[in-house]
Amino acid sequence: MGSKNKLKRFKENETFANVFQPSRDELVNKTYSLKGKWRADVFKNDKPLVLELGCGKGEYTVELAKRYPDKNFIGIDIKGARFWRGAKTAIEESINNVAFIRTQIELIEYLFAENEVDEIWITFPDPQIKYKRTKHRMTNLQFLERYKKVLKPEGLMHLKTDSEFMHGYTLGLLHGLGHEILYANHNVYKLEGSPEEVTEIQTFYEKQYLEHNKAITYIRFKIN
């Protein structure tokens, strides 16, 4: 993507009512104005709140919002030029139960209050395979602790990835920490019983993975 195109998207994001771009200072050094108030102030309802972390172009966030109009969805990514597409689609198609936040995932506890979130989706994260990158894996111990702070006690976690390493690493960690694994599948398109929202919603890159016969894995779990 050219720099001019990126700048155009950044400027357009600023005009979108469904895009929020708090500064790090706003989050870390102050109490963010929407913390604990996303349902009331943004969505104007009391429906369940679902996050997609590292949402990329926002395809999954938007498709989940279409499929579940009885829930509110927020896609989070640091790259606003990417989720511009999802935000624009939501506006063009009048999908009012979806929003996007441009920020770093590790700041999630500054964005949301305790017990404010019902579900979290992590779709195709960078597996950060090298050992020295462990701290950046989105299902490591530190990230799980952050998610627990904002999730309701019975809140659900979803991990969908094409990385066998990420799938195995996460399963091993969950088992070791005693978290509740509700469902695990190492090839959702080959094995029966895969949830519809896992197989019937596909991102642009997921379709490319499937063309190359890469297995897509999925885990649903709770953080104890």
# chains A, B, ... in the order shown; residues from 1 in each chain; ligands from 1
call {"tool": "residues_around", "arguments": {"residues": "range 72-82 of chain A", "least_positions_apart": "2", "cutoff": "9 Å", "atoms": "only C-alpha atoms", "output": "number ranges by chain"}}
result
A: 5-10, 13, 21, 39, 43, 45-58, 60-62, 64-65, 68-70, 84-86, 96-105
call {"tool": "select_by_dssp", "arguments": {"residues": "range 57-215 of chain A", "states": "alpha helix (DSSP H)", "output": "compact mmCIF listing (two decimals) with N, CA, C and O atoms, in the first residue's frame"}}
result
# COMPACT_ATOMS: atom_id res chain seq x y z
N GLU A 59 -12.40 -7.93 8.47
CA GLU A 59 -13.37 -8.81 7.81
C GLU A 59 -14.12 -9.68 8.81
O GLU A 59 -15.34 -9.83 8.73
N TYR A 60 -13.37 -10.26 9.75
CA TYR A 60 -14.01 -11.18 10.70
C TYR A 60 -14.94 -10.41 11.64
O TYR A 60 -16.05 -10.86 11.94
N THR A 61 -14.49 -9.25 12.08
CA THR A 61 -15.31 -8.42 12.96
C THR A 61 -16.65 -8.09 12.30
O THR A 61 -17.71 -8.23 12.92
N VAL A 62 -16.58 -7.65 11.05
CA VAL A 62 -17.79 -7.26 10.33
C VAL A 62 -18.71 -8.45 10.09
O VAL A 62 -19.93 -8.37 10.28
N GLU A 63 -18.14 -9.58 9.69
CA GLU A 63 -18.96 -10.76 9.40
C GLU A 63 -19.60 -11.32 10.67
O GLU A 63 -20.74 -11.78 10.65
N LEU A 64 -18.88 -11.28 11.79
CA LEU A 64 -19.47 -11.70 13.06
C LEU A 64 -20.63 -10.77 13.43
O LEU A 64 -21.67 -11.22 13.92
N ALA A 65 -20.44 -9.47 13.20
CA ALA A 65 -21.49 -8.50 13.52
C ALA A 65 -22.74 -8.74 12.68
O ALA A 65 -23.87 -8.60 13.16
N LYS A 66 -22.55 -9.12 11.43
CA LYS A 66 -23.70 -9.43 10.56
C LYS A 66 -24.42 -10.68 11.05
O LYS A 66 -25.65 -10.75 11.07
N ARG A 67 -23.63 -11.66 11.45
CA ARG A 67 -24.18 -12.96 11.86
C ARG A 67 -24.90 -12.87 13.20
O ARG A 67 -25.88 -13.56 13.44
N GLY A 80 -4.32 1.21 11.49
CA GLY A 80 -5.59 1.78 11.08
C GLY A 80 -5.85 1.73 9.60
O GLY A 80 -7.00 1.65 9.16
N ALA A 81 -4.78 1.75 8.79
CA ALA A 81 -4.97 1.68 7.34
C ALA A 81 -5.54 0.34 6.91
O ALA A 81 -6.13 0.23 5.84
N ARG A 82 -5.36 -0.67 7.76
CA ARG A 82 -5.92 -1.99 7.45
C ARG A 82 -7.40 -2.05 7.80
O ARG A 82 -8.24 -2.39 6.97
N PHE A 83 -7.74 -1.74 9.05
CA PHE A 83 -9.14 -1.90 9.44
C PHE A 83 -10.04 -0.82 8.85
O PHE A 83 -11.26 -0.87 9.00
N TRP A 84 -9.45 0.15 8.16
CA TRP A 84 -10.22 1.15 7.41
C TRP A 84 -11.28 0.46 6.55
O TRP A 84 -12.42 0.90 6.48
N ARG A 85 -10.88 -0.66 5.93
CA ARG A 85 -11.81 -1.38 5.05
C ARG A 85 -13.02 -1.88 5.82
O ARG A 85 -14.16 -1.73 5.38
N GLY A 86 -12.81 -2.49 6.96
CA GLY A 86 -13.91 -3.00 7.77
C GLY A 86 -14.80 -1.89 8.28
O GLY A 86 -16.04 -2.00 8.26
N ALA A 87 -14.19 -0.80 8.73
CA ALA A 87 -14.96 0.34 9.24
C ALA A 87 -15.82 0.94 8.13
O ALA A 87 -16.99 1.28 8.35
N LYS A 88 -15.24 1.09 6.95
CA LYS A 88 -15.96 1.68 5.81
C LYS A 88 -17.11 0.77 5.38
O LYS A 88 -18.22 1.24 5.09
N THR A 89 -16.85 -0.54 5.35
CA THR A 89 -17.90 -1.49 4.99
C THR A 89 -19.06 -1.41 5.96
O THR A 89 -20.23 -1.41 5.56
N ALA A 90 -18.74 -1.34 7.25
CA ALA A 90 -19.79 -1.26 8.28
C ALA A 90 -20.65 -0.01 8.08
O ALA A 90 -21.88 -0.07 8.23
N ILE A 91 -20.03 1.10 7.73
CA ILE A 91 -20.77 2.33 7.50
C ILE A 91 -21.62 2.23 6.23
O ILE A 91 -22.80 2.57 6.22
N GLU A 92 -21.01 1.74 5.17
CA GLU A 92 -21.72 1.63 3.88
C GLU A 92 -22.92 0.69 3.97
O GLU A 92 -23.94 0.92 3.33
N ILE A 108 -5.20 -3.30 26.46
CA ILE A 108 -6.61 -3.67 26.53
C ILE A 108 -7.24 -3.36 27.89
O ILE A 108 -8.39 -2.93 27.97
N GLU A 109 -6.48 -3.54 28.95
CA GLU A 109 -7.05 -3.32 30.29
C GLU A 109 -7.29 -1.84 30.59
O GLU A 109 -8.00 -1.51 31.55
N TYR A 110 -6.69 -0.97 29.78
CA TYR A 110 -6.95 0.47 29.93
C TYR A 110 -8.16 0.92 29.13
O TYR A 110 -8.70 2.00 29.36
N LEU A 111 -8.57 0.09 28.18
CA LEU A 111 -9.71 0.40 27.32
C LEU A 111 -11.04 -0.07 27.90
O LEU A 111 -12.08 0.55 27.68
N LEU A 141 1.22 -16.08 28.90
CA LEU A 141 0.68 -15.91 30.25
C LEU A 141 0.28 -14.47 30.54
O LEU A 141 -0.79 -14.20 31.09
N GLN A 142 1.14 -13.53 30.14
CA GLN A 142 0.86 -12.12 30.42
C GLN A 142 -0.39 -11.62 29.68
O GLN A 142 -1.21 -10.90 30.25
N PHE A 143 -0.53 -12.03 28.42
CA PHE A 143 -1.71 -11.63 27.66
C PHE A 143 -2.98 -12.27 28.25
O PHE A 143 -4.02 -11.62 28.35
N LEU A 144 -2.90 -13.54 28.63
CA LEU A 144 -4.06 -14.20 29.23
C LEU A 144 -4.50 -13.47 30.50
O LEU A 144 -5.70 -13.33 30.76
N GLU A 145 -3.54 -13.00 31.29
CA GLU A 145 -3.87 -12.25 32.51
C GLU A 145 -4.56 -10.94 32.17
O GLU A 145 -5.48 -10.50 32.87
N ARG A 146 -4.12 -10.30 31.09
CA ARG A 146 -4.78 -9.05 30.66
C ARG A 146 -6.22 -9.33 30.23
O ARG A 146 -7.14 -8.58 30.57
N TYR A 147 -6.41 -10.40 29.47
CA TYR A 147 -7.76 -10.73 29.00
C TYR A 147 -8.68 -11.03 30.17
O TYR A 147 -9.85 -10.62 30.18
N LYS A 148 -8.14 -11.75 31.16
CA LYS A 148 -8.96 -12.12 32.32
C LYS A 148 -9.47 -10.88 33.06
O LYS A 148 -10.59 -10.87 33.59
N LYS A 149 -8.68 -9.82 33.06
CA LYS A 149 -9.06 -8.60 33.77
C LYS A 149 -10.32 -7.95 33.18
O LYS A 149 -11.08 -7.31 33.89
N VAL A 150 -10.51 -8.09 31.88
CA VAL A 150 -11.64 -7.41 31.23
C VAL A 150 -12.81 -8.35 30.93
O VAL A 150 -13.94 -7.90 30.70
N GLU A 164 0.33 -24.30 13.28
CA GLU A 164 0.32 -25.48 14.15
C GLU A 164 1.10 -25.19 15.43
O GLU A 164 0.76 -25.67 16.51
N PHE A 165 2.15 -24.39 15.30
CA PHE A 165 2.96 -24.03 16.47
C PHE A 165 2.11 -23.26 17.47
O PHE A 165 2.10 -23.57 18.66
N MET A 166 1.40 -22.24 17.00
CA MET A 166 0.58 -21.41 17.89
C MET A 166 -0.52 -22.24 18.54
O MET A 166 -0.83 -22.08 19.72
N HIS A 167 -1.12 -23.13 17.76
CA HIS A 167 -2.17 -24.01 18.26
C HIS A 167 -1.64 -24.90 19.38
O HIS A 167 -2.22 -24.97 20.48
N GLY A 168 -0.51 -25.55 19.11
CA GLY A 168 0.09 -26.46 20.11
C GLY A 168 0.60 -25.72 21.33
O GLY A 168 0.42 -26.19 22.46
N TYR A 169 1.25 -24.58 21.11
CA TYR A 169 1.76 -23.77 22.22
C TYR A 169 0.62 -23.36 23.15
O TYR A 169 0.72 -23.47 24.37
N THR A 170 -0.47 -22.90 22.56
CA THR A 170 -1.61 -22.42 23.35
C THR A 170 -2.27 -23.56 24.11
O THR A 170 -2.58 -23.43 25.30
N LEU A 171 -2.48 -24.70 23.45
CA LEU A 171 -3.07 -25.85 24.12
C LEU A 171 -2.22 -26.29 25.31
O LEU A 171 -2.73 -26.56 26.39
N GLY A 172 -0.92 -26.35 25.08
CA GLY A 172 -0.01 -26.77 26.16
C GLY A 172 -0.05 -25.81 27.33
O GLY A 172 -0.08 -26.24 28.49
N LEU A 173 -0.06 -24.53 27.03
CA LEU A 173 -0.11 -23.51 28.08
C LEU A 173 -1.42 -23.59 28.87
O LEU A 173 -1.42 -23.54 30.10
N LEU A 174 -2.52 -23.74 28.15
CA LEU A 174 -3.84 -23.82 28.80
C LEU A 174 -3.92 -25.04 29.71
O LEU A 174 -4.42 -24.96 30.84
N HIS A 175 -3.44 -26.18 29.21
CA HIS A 175 -3.43 -27.40 30.03
C HIS A 175 -2.57 -27.18 31.28
O HIS A 175 -2.97 -27.52 32.40
N GLY A 176 -1.38 -26.61 31.08
CA GLY A 176 -0.44 -26.44 32.18
C GLY A 176 -0.95 -25.49 33.26
O GLY A 176 -0.65 -25.67 34.44
N LEU A 177 -1.74 -24.50 32.84
CA LEU A 177 -2.25 -23.50 33.78
C LEU A 177 -3.62 -23.87 34.35
O LEU A 177 -4.16 -23.16 35.20
N GLU A 196 -20.00 -23.14 13.13
CA GLU A 196 -20.28 -22.44 11.87
C GLU A 196 -19.54 -21.13 11.76
O GLU A 196 -19.07 -20.76 10.68
N GLU A 197 -19.44 -20.39 12.88
CA GLU A 197 -18.77 -19.09 12.80
C GLU A 197 -17.27 -19.23 12.54
O GLU A 197 -16.60 -18.26 12.20
N VAL A 198 -16.76 -20.45 12.69
CA VAL A 198 -15.34 -20.70 12.42
C VAL A 198 -15.12 -21.05 10.96
O VAL A 198 -14.15 -20.61 10.34
N THR A 199 -16.03 -21.83 10.38
CA THR A 199 -15.83 -22.29 8.99
C THR A 199 -16.54 -21.43 7.95
O THR A 199 -16.13 -21.39 6.80
N PHE A 204 -9.44 -12.80 3.97
CA PHE A 204 -8.74 -12.81 2.68
C PHE A 204 -7.54 -13.76 2.73
O PHE A 204 -7.34 -14.59 1.85
N TYR A 205 -6.75 -13.64 3.80
CA TYR A 205 -5.56 -14.48 3.91
C TYR A 205 -5.91 -15.93 4.20
O TYR A 205 -5.22 -16.84 3.75
N GLU A 206 -6.98 -16.15 4.92
CA GLU A 206 -7.40 -17.52 5.21
C GLU A 206 -7.72 -18.26 3.91
O GLU A 206 -7.36 -19.43 3.75
N LYS A 207 -8.38 -17.59 3.00
CA LYS A 207 -8.69 -18.21 1.71
C LYS A 207 -7.42 -18.59 0.97
O LYS A 207 -7.36 -19.64 0.32
N GLN A 208 -6.40 -17.75 1.10
CA GLN A 208 -5.11 -18.07 0.47
C GLN A 208 -4.47 -19.29 1.14
O GLN A 208 -3.91 -20.15 0.45
N TYR A 209 -4.56 -19.34 2.46
CA TYR A 209 -4.01 -20.50 3.18
C TYR A 209 -4.68 -21.79 2.71
O TYR A 209 -4.03 -22.82 2.49
N LEU A 210 -6.00 -21.74 2.55
CA LEU A 210 -6.76 -22.92 2.15
C LEU A 210 -6.41 -23.36 0.74
O LEU A 210 -6.38 -24.55 0.44
N GLU A 211 -6.13 -22.39 -0.13
CA GLU A 211 -5.72 -22.72 -1.49
C GLU A 211 -4.41 -23.50 -1.50
O GLU A 211 -4.14 -24.29 -2.40
call {"tool": "closest_residue", "arguments": {"among": "A:Val42, A:Ile201, A:Ala184, A:Leu191", "to": "Phe221 in chain A", "atoms": "only C-alpha atoms"}}
result
A:Ala184
call {"tool": "select_by_dssp", "arguments": {"residues": "range 86-169 of chain A", "states": "strand (DSSP E or B)", "output": "list in words"}}
result
Val98, Ala99, Phe100, Ile101, Arg102, Val117, Asp118, Glu119, Ile120, Trp121, Ile122, Thr123, Leu151, Lys152, Pro153, Glu154, Gly155, Leu156, Met157, His158, Leu159, Lys160 and Thr161 of chain A
call {"tool": "residues_around", "arguments": {"residues": "Lys37 in chain A", "least_positions_apart": "6", "cutoff": "9 Å", "atoms": "only C-alpha atoms", "output": "ChimeraX atom specification"}}
result
/A:112-113,116
call {"tool": "write_last_selection", "arguments": {"atoms": "N, CA, C and O atoms", "output": "PDB file, in the first residue's frame"}}
result
ATOM      1  N   PHE A 112     -10.985  -1.211  28.606  1.00  0.00           N
ATOM      2  CA  PHE A 112     -12.211  -1.848  29.081  1.00  0.00           C
ATOM      3  C   PHE A 112     -12.162  -2.066  30.586  1.00  0.00           C
ATOM      4  O   PHE A 112     -11.113  -2.338  31.157  1.00  0.00           O
ATOM      5  N   ALA A 113     -13.319  -1.975  31.204  1.00  0.00           N
ATOM      6  CA  ALA A 113     -13.421  -2.160  32.645  1.00  0.00           C
ATOM      7  C   ALA A 113     -13.473  -3.645  33.001  1.00  0.00           C
ATOM      8  O   ALA A 113     -13.692  -4.503  32.137  1.00  0.00           O
ATOM      9  N   GLU A 116     -16.255  -6.234  31.633  1.00  0.00           N
ATOM     10  CA  GLU A 116     -17.016  -5.513  30.599  1.00  0.00           C
ATOM     11  C   GLU A 116     -17.169  -6.331  29.311  1.00  0.00           C
ATOM     12  O   GLU A 116     -18.098  -6.126  28.539  1.00  0.00           O
TER      13      GLU A 116
END
call {"tool": "closest_residue", "arguments": {"among": "A:Asp25, A:Glu200, A:Glu14, A:Glu154", "to": "Leu107 in chain A", "atoms": "only C-alpha atoms"}}
result
A:Asp25
call {"tool": "closest_residue", "arguments": {"among": "A:Thr31, A:Ser194, A:Thr123, A:Asn224", "to": "Gly155 in chain A", "atoms": "only C-alpha atoms"}}
result
A:Asn224
call {"tool": "residues_around", "arguments": {"residues": "Phe124 in chain A", "least_positions_apart": "3", "cutoff": "8 Å", "atoms": "only C-alpha atoms", "output": "MDAnalysis selection string"}}
result
chainID A and resid 159:163
